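As structure tokens, the structure follows; a few thoughts come after it.
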Amino acid sequence: MSEAIVTEAGEPARGDHDHGDHGTLTGISNNKLLMWVFLGSECLLFGGLISAYLINRSRFHTGPAPGDIFDIPFTSVSSFVLLMSSLTMVLALSALQRGDIRNNRIWLLTTALLGSLFIGGQVYEFTSFLREGLGYTTSPFSSAFFTLTGFHGIHVSVGIVMLMSLAISSYRGTLTQKNSETVEIVGLYWHFVDVVWIFIFTVIYLVPSPTS
Amino acid sequence: MSEPVAELTSGGGAALPLGVYSRPKGGGGWRDWVTTVDHKKIGILYGGAALFFFGIGGFEALLIRLQLATPNGTVVGADLYNQLYTMHGVTMVFLVIMPLAAAFANYLLPLQIGARDVAFPRLNAMSFWLFLAGGLFLNFSWLVGDAPDGGWFAYAPNTGVTFSPGHGMDFYAIGLQIAGIASLVSAMNLIVTVLNMRAPGMTLFKMPVFTWMILVVQFLLLFAIPVITVALFLLLFDRNFGANFFNPEMGADPLLWQHLFWIFGHPEVYVLILPSFGIVSEVIPTFSRKPLFGYEFMVFSGIAIGFMGWGVWAHHMFVSGIGPISIGAFTLSTMFIAVPTGVKILNWLATMWGGKIRLTASMLFATGVVSMFTIGGLSGVTHAVSPADTQQTDTYYIVAHFHYVIFGGALLGFFSGFYFWWPKVFGHRLGETLGKWNFWLMIVGFNMTFGPMHILGLNGMSRRIDTYSPGFGFEFWNLFATVGAFVIAFGVLCFAMNVILSARRARGLPPEPPDPWDARSLEWFTPNPTPVHNFDEIVEVSSLDEFWHRKWTTDENGRVVRRATAAEVCQTGDADDVHLPSPSYWPVVVAAGLPLVGFGLLYNLWICVPGTILVLIGVYAWVFEPPDDPDGPFGGGHGDEGHGDEGHGETEESASDESAPQEEAASVE
Ligand code: HEM
Ligand SMILES: [Cu+2]
């Protein structure tokens, strides 16, 4: 799936069109509506994965139980980092809408950096779980945990690629005020991924987990 | 794909980044088809590919029926039988009915809303190539002798490596995943198209019912595909990476699969049937010479089905131990959903009532849909009653039900559509005589094959068994059903002959004059076959059935009188200043990469590398490809988008309203 998204969203790099939301029947441009519709579909993707986690969270077989292994303070910090990246995304967009290319670039890169920090935290978390004996095949719980958080991590990574493409096209001078809608569309995706993480974080870490 | 290389130097120019090629020029022949982004050509490709898979699926069906014709059949072994019935179901559902719907949707939907293409023509092309890639990937499993064998519903844990050690179920999971991306992308595309690109004046409630039903289907797909995507991923991870989602030994609950599958699966059955409902809702009013009875009811019942379809999935799981409360709730919801379905049937009957009915082949098929779907709907209601279903489930009674709805409801509807829109697409009609043979052989054969399955099922014959012993009273009806299956095959043969003979007959003759059936909706404003730019000028819509109302009016006595001939109303199709999106190489390149990734997962991860590279190259070039090719056949002519001035009331306003989405299609996509 991600390919199609990169394609549509990465397109600002081409920088040869300046469509706002004029002219369509809904008043929302085709590109933006496409993103909205896609995000609607993504809700069900994560809905399915979250359900698969919920029914398996107490099935840890002989492996570590979720309550034993989660490091909630650590994950809270990385969640906070991800949430902050939504703020910087908003700043990136508003900068470009004002025509402030420099700040737009700075905030785009900051957003990508915060996203990467989050991914780094996830990699660290995964490896430490692995060391503590929670592998992908250990139990239904572990499979469901890694699958759900892994899918989310891939979504964040795709978002980082999109942000970097925007930044690159900004350096090439093709990302300007008139195609700020592209940044807005990538922003929609980015905020969505953040919101999904709030759900995942709540379901996995905040709801009291079974212990062994 | 050697073309892109050849184009490398001719394109771009120094200012463009590496790998930016000019867009293909078409050039005639197969290249036109491979690089096309025209919704009409893509529709034809979908139709052709679906009919090709229909041949394969039909062949599998005949083998199944030969095996079951007599007790202790020896035509195929149990193992091959499992592969046959699995691939038959998967093929017919995902590679025949769904793409046939996509064929009609792609071709007709932009025309019916008065647009020049879909919102994202290149994505549209990619959807087709992905579907084809997924279908070929699935069927490739036959060549390695390892086809999926766990049924189209693929119940866990039967599909795990323990019970299904070959690669079959991996082919299933990956092939459907690829086809699923195709459906999802095309759903997003069509939703945006309908919401954003309707002709001026066409409010949602002036859209033809076919367009409405397709819209509902796209929303169903939008939300149902991700659910089966999840299910297929979990299956794939279980089988290939040792995950434990469906592994009871580790304490997992395999019922998770059934829930995910049927949460997708029940909306999916409406994905299969609603397009055909849409077609029938166009055909019956035309050949009854009456407007559709209760248009709003028709639309709302379609929407209601779209919503309620989400709340009935567990009726497929009545005997899986989901508990009495769930069973009660799902019994009720399933009975309720039959209500909007029944509304549609009554509306079609009321449309025909007192109409001037012309029994063309198309109309015959449409009445076939109404009658056969009624039988299938009624047997559906009998299994909504959970105590009764406990006896029926997993028997041939269920097989009878879903063939009455899918074959009798969906497939016959598509045949009705073939006969109806053939002149629009190919410029000549299909022959009526062979068409009637086609219809009668199919409907008789169909009832011979699937009617007796009700009896067999109630007498206790199980589904999915590869053979049965003599002495249970199954012999006669099984033989009868097998004979019926061959009658159907002759019906299909008539269709194939009809296609060939009518094309041959039409050779050298001028195309069919406009409006062969005295039809009602916008697509008939264009000449036959539809010109590449669709409309010379975008039609302004002021009523439902706009086309019909431009031809007919009522006099003071309420009688219908002609106000204009079709020839006067129709456009000539000779506008040459319409700016259209250029073809592109990249959709097919991206689509070709994914099956390679799939093979890599099955055999050797190294094969993933070229696959991924193809996808990345395709995406990169797609993004940087120039929006269109000024020297290409459809290039130039920016600015006024072929909006003639004559006949346009508020030219200024509507032209800017209308051309923007078209530009969007041309350059943004
Ligand atoms: C009046 C509307 C309908 C009702 C009340 C209904 C009800 C049901 C029920 C209760 C079952 C489960 C039976 C069992 O496995 O024990 C079933 C199976 C099935 N129905 Fe329907 N149905 C309706 C319409 C449709 C339509 C429109 C389609 C497809 C176009 C469809 C396709 C199927 C299929 C494919 C199965 C079998 C799935 C399998 O087990 O492989 N049904 N139906
Ligand atoms: Cu169902």
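Residues are named by chain letter and number: chains run A, B, ... in the order of the structure tokens, numbers start at 1 in each chain, and ligands are numbered from 1 in the order shown.
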Environment of ligand 2 within 12 Å, counting only C-alpha atoms and all ligand atoms, reported as number ranges by chain: B: 153, 258-259, 261-272, 305, 308-318, 330-331, 333-335, 337-338, 377, 380-381, 383-384, 398, 401-402, 405
Please produce a file of those selected residues containing N, CA and C atoms, as a compact mmCIF listing (two decimals), in the first residue's frame.
# COMPACT_ATOMS: atom_id res chain seq x y z
N PHE B 153 -12.65 -19.60 1.90
CA PHE B 153 -12.77 -18.99 3.23
C PHE B 153 -11.57 -19.30 4.09
N GLN B 258 -11.94 -16.64 11.43
CA GLN B 258 -13.31 -16.61 10.91
C GLN B 258 -13.94 -15.24 11.10
N HIS B 259 -13.67 -14.64 12.27
CA HIS B 259 -14.24 -13.31 12.47
C HIS B 259 -13.70 -12.33 11.44
N PHE B 261 -12.27 -12.93 8.58
CA PHE B 261 -12.66 -13.25 7.22
C PHE B 261 -14.09 -12.84 6.94
N TRP B 262 -15.00 -13.12 7.87
CA TRP B 262 -16.41 -12.82 7.57
C TRP B 262 -16.77 -11.37 7.78
N ILE B 263 -16.01 -10.66 8.63
CA ILE B 263 -16.24 -9.21 8.70
C ILE B 263 -15.92 -8.60 7.35
N PHE B 264 -14.90 -9.15 6.70
CA PHE B 264 -14.68 -8.81 5.29
C PHE B 264 -15.72 -9.48 4.41
N GLY B 265 -15.97 -10.75 4.69
CA GLY B 265 -16.68 -11.60 3.75
C GLY B 265 -18.13 -11.22 3.54
N HIS B 266 -18.84 -10.80 4.59
CA HIS B 266 -20.21 -10.46 4.29
C HIS B 266 -20.35 -9.17 3.51
N PRO B 267 -19.65 -8.09 3.91
CA PRO B 267 -19.67 -6.93 3.01
C PRO B 267 -19.26 -7.32 1.59
N GLU B 268 -18.32 -8.23 1.49
CA GLU B 268 -17.87 -8.68 0.18
C GLU B 268 -19.03 -9.25 -0.65
N VAL B 269 -19.93 -9.99 -0.03
CA VAL B 269 -21.00 -10.54 -0.87
C VAL B 269 -21.87 -9.41 -1.44
N TYR B 270 -21.96 -8.29 -0.73
CA TYR B 270 -22.67 -7.16 -1.31
C TYR B 270 -21.83 -6.46 -2.36
N VAL B 271 -20.52 -6.54 -2.20
CA VAL B 271 -19.64 -6.05 -3.26
C VAL B 271 -19.92 -6.82 -4.54
N LEU B 272 -20.21 -8.11 -4.38
CA LEU B 272 -20.46 -8.93 -5.56
C LEU B 272 -21.81 -8.62 -6.18
N ILE B 305 -28.23 -1.40 2.78
CA ILE B 305 -27.51 -2.66 2.68
C ILE B 305 -26.04 -2.44 2.99
N MET B 308 -25.90 -2.11 6.83
CA MET B 308 -26.28 -3.30 7.60
C MET B 308 -25.38 -4.48 7.29
N GLY B 309 -24.78 -4.47 6.11
CA GLY B 309 -23.88 -5.55 5.72
C GLY B 309 -22.75 -5.76 6.72
N TRP B 310 -22.48 -4.74 7.54
CA TRP B 310 -21.40 -4.88 8.51
C TRP B 310 -21.83 -5.60 9.77
N GLY B 311 -23.13 -5.77 9.96
CA GLY B 311 -23.59 -6.28 11.25
C GLY B 311 -24.13 -7.69 11.20
N VAL B 312 -23.74 -8.46 10.20
CA VAL B 312 -24.34 -9.78 10.07
C VAL B 312 -23.32 -10.90 9.92
N TRP B 313 -22.03 -10.56 10.06
CA TRP B 313 -21.02 -11.53 9.63
C TRP B 313 -21.10 -12.86 10.36
N ALA B 314 -21.53 -12.84 11.63
CA ALA B 314 -21.46 -14.09 12.39
C ALA B 314 -22.53 -15.09 11.97
N HIS B 315 -23.41 -14.72 11.00
CA HIS B 315 -24.33 -15.76 10.52
C HIS B 315 -23.59 -16.85 9.76
N HIS B 316 -22.31 -16.59 9.45
CA HIS B 316 -21.51 -17.66 8.86
C HIS B 316 -20.89 -18.55 9.92
N MET B 317 -21.14 -18.21 11.19
CA MET B 317 -20.45 -18.91 12.28
C MET B 317 -21.43 -19.45 13.31
N PHE B 318 -22.67 -19.71 12.87
CA PHE B 318 -23.69 -20.15 13.83
C PHE B 318 -23.29 -21.42 14.57
N PHE B 330 -27.37 -12.12 15.73
CA PHE B 330 -27.04 -12.20 14.31
C PHE B 330 -28.18 -12.82 13.49
N THR B 331 -28.98 -13.65 14.13
CA THR B 331 -30.19 -14.13 13.44
C THR B 331 -31.08 -12.96 13.09
N SER B 333 -30.34 -9.65 12.94
CA SER B 333 -29.79 -8.67 11.99
C SER B 333 -29.82 -9.25 10.58
N THR B 334 -29.58 -10.55 10.46
CA THR B 334 -29.59 -11.15 9.12
C THR B 334 -30.99 -11.13 8.51
N MET B 335 -31.98 -11.33 9.36
CA MET B 335 -33.34 -11.26 8.81
C MET B 335 -33.67 -9.84 8.37
N ILE B 337 -31.68 -7.62 7.21
CA ILE B 337 -31.00 -7.15 6.00
C ILE B 337 -31.73 -7.64 4.75
N ALA B 338 -32.57 -8.65 4.92
CA ALA B 338 -33.33 -9.11 3.77
C ALA B 338 -34.38 -8.07 3.37
N GLY B 377 -32.18 -15.22 -2.34
CA GLY B 377 -32.43 -14.41 -1.15
C GLY B 377 -33.30 -15.16 -0.17
N GLY B 380 -31.41 -17.65 1.59
CA GLY B 380 -30.60 -16.93 2.56
C GLY B 380 -31.38 -16.69 3.85
N VAL B 381 -32.64 -16.28 3.70
CA VAL B 381 -33.43 -16.05 4.90
C VAL B 381 -33.65 -17.35 5.67
N HIS B 383 -31.45 -19.61 6.02
CA HIS B 383 -30.34 -19.87 6.93
C HIS B 383 -30.07 -18.74 7.90
N ALA B 384 -30.81 -17.66 7.75
CA ALA B 384 -30.73 -16.68 8.83
C ALA B 384 -31.33 -17.25 10.11
N ILE B 398 -26.24 -24.74 1.28
CA ILE B 398 -25.52 -23.46 1.27
C ILE B 398 -24.93 -23.21 -0.12
N HIS B 401 -27.59 -21.88 -2.17
CA HIS B 401 -27.87 -20.47 -1.85
C HIS B 401 -26.89 -19.54 -2.54
N PHE B 402 -25.60 -19.80 -2.32
CA PHE B 402 -24.70 -18.75 -2.82
C PHE B 402 -24.54 -18.81 -4.33
N VAL B 405 -27.44 -16.59 -5.55
CA VAL B 405 -27.20 -15.14 -5.45
C VAL B 405 -26.02 -14.69 -6.32
All residues 12 Å or closer to stretch 128-140 of chain A, only C-alpha atoms, same chain fewer than 6 positions away omitted, as an NGL selection string: (:A and (52-66 or 68-71 or 74 or 121-122 or 146-150)) or (:B and (234 or 237-254 or 256))
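Contact shell of A:Asn30 at 8 Å (only C-alpha atoms; same-chain neighbours under 2 positions omitted): Thr24, Ile28, Lys32, Leu33 and Leu34 of chain A; Ala119, Val192, Thr193, Asn196, Pro661 and Glu664 of chain B.
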Go ahead and write the selection's residues with C-alpha atoms as a compact mmCIF listing (two decimals), in the first residue's frame.
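As written to disk, result.txt reads:
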# COMPACT_ATOMS: atom_id res chain seq x y z
CA THR A 24 -14.14 20.29 -7.20
CA ILE A 28 -11.70 19.44 -1.35
CA LYS A 32 -6.62 15.67 -0.39
CA LEU A 33 -9.85 13.74 -0.68
CA LEU A 34 -7.84 10.71 -1.76
CA ALA B 119 -9.73 11.35 -10.80
CA VAL B 192 -13.00 10.69 -5.30
CA THR B 193 -14.23 10.64 -8.89
CA ASN B 196 -15.64 15.52 -7.01
CA PRO B 661 -11.29 18.40 -12.01
CA GLU B 664 -6.61 17.59 -11.96
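A straight line drawn from atom CA of B:Trp552 to atom CA of B:Met202 is 19.2 Å long.
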Which of stretch 13-125 of chain A DSSP labels alpha helix (DSSP H), written as a ChimeraX atom specification: /A:30-56,66-69,72-97,101-125
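Closest approach to A:Gly120 among A:Ser78, A:Asn104, A:Ser165, A:Ser142 is made by A:Ser78 (distances from only C-alpha atoms).
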10 Å contact set for A:Val37, only C-alpha atoms, chain neighbours under 5 positions out, as a VMD selection string: (chain A and resid 31 to 32 42) or (chain B and resid 187 to 189 191 to 192 219 222 to 223)
Just to be explicit: take each residue in the selection above, keep all heavy atoms, and write the result as a compact mmCIF listing (two decimals), in the first residue's frame.
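The resulting part_28.txt:
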# COMPACT_ATOMS: atom_id res chain seq x y z
N ASN A 31 -6.60 15.30 -4.59
CA ASN A 31 -5.50 14.69 -3.84
C ASN A 31 -5.81 14.60 -2.36
O ASN A 31 -5.54 13.60 -1.71
CB ASN A 31 -4.22 15.52 -4.03
CG ASN A 31 -3.64 15.31 -5.41
OD1 ASN A 31 -4.11 14.45 -6.15
ND2 ASN A 31 -2.66 16.11 -5.76
N LYS A 32 -6.35 15.68 -1.83
CA LYS A 32 -6.62 15.67 -0.39
C LYS A 32 -7.75 14.68 -0.07
O LYS A 32 -7.67 13.94 0.91
CB LYS A 32 -6.99 17.08 0.07
CG LYS A 32 -6.71 17.27 1.56
CD LYS A 32 -7.47 18.43 2.14
CE LYS A 32 -6.83 19.75 1.75
NZ LYS A 32 -7.54 20.89 2.39
N GLU A 42 -7.47 3.02 6.44
CA GLU A 42 -6.43 2.66 7.41
C GLU A 42 -7.00 2.42 8.80
O GLU A 42 -6.45 1.63 9.58
CB GLU A 42 -5.38 3.77 7.48
CG GLU A 42 -4.52 3.88 6.26
CD GLU A 42 -3.36 2.90 6.30
OE1 GLU A 42 -2.38 3.15 7.02
OE2 GLU A 42 -3.47 1.88 5.61
N ALA B 187 -11.03 1.59 -5.39
CA ALA B 187 -12.14 2.11 -4.60
C ALA B 187 -11.89 3.58 -4.23
O ALA B 187 -12.77 4.43 -4.40
CB ALA B 187 -12.34 1.29 -3.33
N MET B 188 -10.68 3.88 -3.78
CA MET B 188 -10.39 5.27 -3.40
C MET B 188 -10.55 6.18 -4.61
O MET B 188 -11.14 7.27 -4.53
CB MET B 188 -8.95 5.37 -2.87
CG MET B 188 -8.69 4.44 -1.70
SD MET B 188 -7.16 4.76 -0.80
CE MET B 188 -5.93 4.83 -2.05
N ASN B 189 -10.03 5.71 -5.74
CA ASN B 189 -10.08 6.49 -6.97
C ASN B 189 -11.52 6.80 -7.38
O ASN B 189 -11.88 7.94 -7.68
CB ASN B 189 -9.38 5.66 -8.05
CG ASN B 189 -8.87 6.49 -9.19
OD1 ASN B 189 -9.25 7.65 -9.31
ND2 ASN B 189 -8.04 5.92 -10.01
N ILE B 191 -14.24 6.68 -5.58
CA ILE B 191 -14.97 7.52 -4.62
C ILE B 191 -14.66 8.99 -4.88
O ILE B 191 -15.57 9.82 -4.99
CB ILE B 191 -14.59 7.14 -3.17
CG1 ILE B 191 -15.16 5.77 -2.81
CG2 ILE B 191 -15.10 8.19 -2.19
CD1 ILE B 191 -14.70 5.24 -1.46
N VAL B 192 -13.37 9.29 -5.03
CA VAL B 192 -13.00 10.69 -5.30
C VAL B 192 -13.65 11.14 -6.61
O VAL B 192 -14.17 12.25 -6.71
CB VAL B 192 -11.47 10.84 -5.37
CG1 VAL B 192 -11.08 12.24 -5.80
CG2 VAL B 192 -10.84 10.52 -4.03
N PHE B 219 -17.31 2.08 -1.15
CA PHE B 219 -17.18 2.30 0.29
C PHE B 219 -17.06 0.97 1.03
O PHE B 219 -16.28 0.83 1.98
CB PHE B 219 -18.35 3.13 0.84
CG PHE B 219 -18.12 4.61 0.71
CD1 PHE B 219 -18.76 5.35 -0.26
CD2 PHE B 219 -17.22 5.26 1.54
CE1 PHE B 219 -18.53 6.71 -0.39
CE2 PHE B 219 -16.97 6.62 1.42
CZ PHE B 219 -17.64 7.35 0.45
N LEU B 222 -13.61 -0.13 0.53
CA LEU B 222 -12.68 0.72 1.26
C LEU B 222 -12.51 0.24 2.70
O LEU B 222 -11.41 0.26 3.24
CB LEU B 222 -13.20 2.16 1.24
CG LEU B 222 -12.30 3.20 1.87
CD1 LEU B 222 -11.13 3.49 0.96
CD2 LEU B 222 -13.07 4.49 2.16
N PHE B 223 -13.62 -0.18 3.29
CA PHE B 223 -13.54 -0.59 4.69
C PHE B 223 -13.38 -2.10 4.87
O PHE B 223 -12.98 -2.55 5.93
CB PHE B 223 -14.77 -0.09 5.45
CG PHE B 223 -14.85 1.42 5.50
CD1 PHE B 223 -15.95 2.09 5.01
CD2 PHE B 223 -13.81 2.16 6.02
CE1 PHE B 223 -16.02 3.47 5.04
CE2 PHE B 223 -13.86 3.54 6.06
CZ PHE B 223 -14.97 4.20 5.57
Nearby residues (only C-alpha atoms) at most 10 Å from B:Phe205, same-chain spacing under 4 positions excluded, as a list in words: Val209, Trp212, Tyr295, Glu296, Val299, Ser543 and Leu544 of chain B
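Excluding A:Thr110 and any residue on its chain fewer than 3 positions from it, the residues at most 9 Å away by only C-alpha atoms are Ser85, Thr88, Met89, Arg105, Ile106, Trp107, Leu113, Leu114 and Gly115 of chain A.
Nearest residue to A:Leu44 among A:Val90, A:Val207, A:Leu82, A:Val196 is A:Val196, counting only C-alpha atoms.
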Surrounding residues of B:Ser281 excluding itself and chain neighbours under 6 positions, 8 Å, only C-alpha atoms, as a ChimeraX atom specification: /B:209-210,292,348
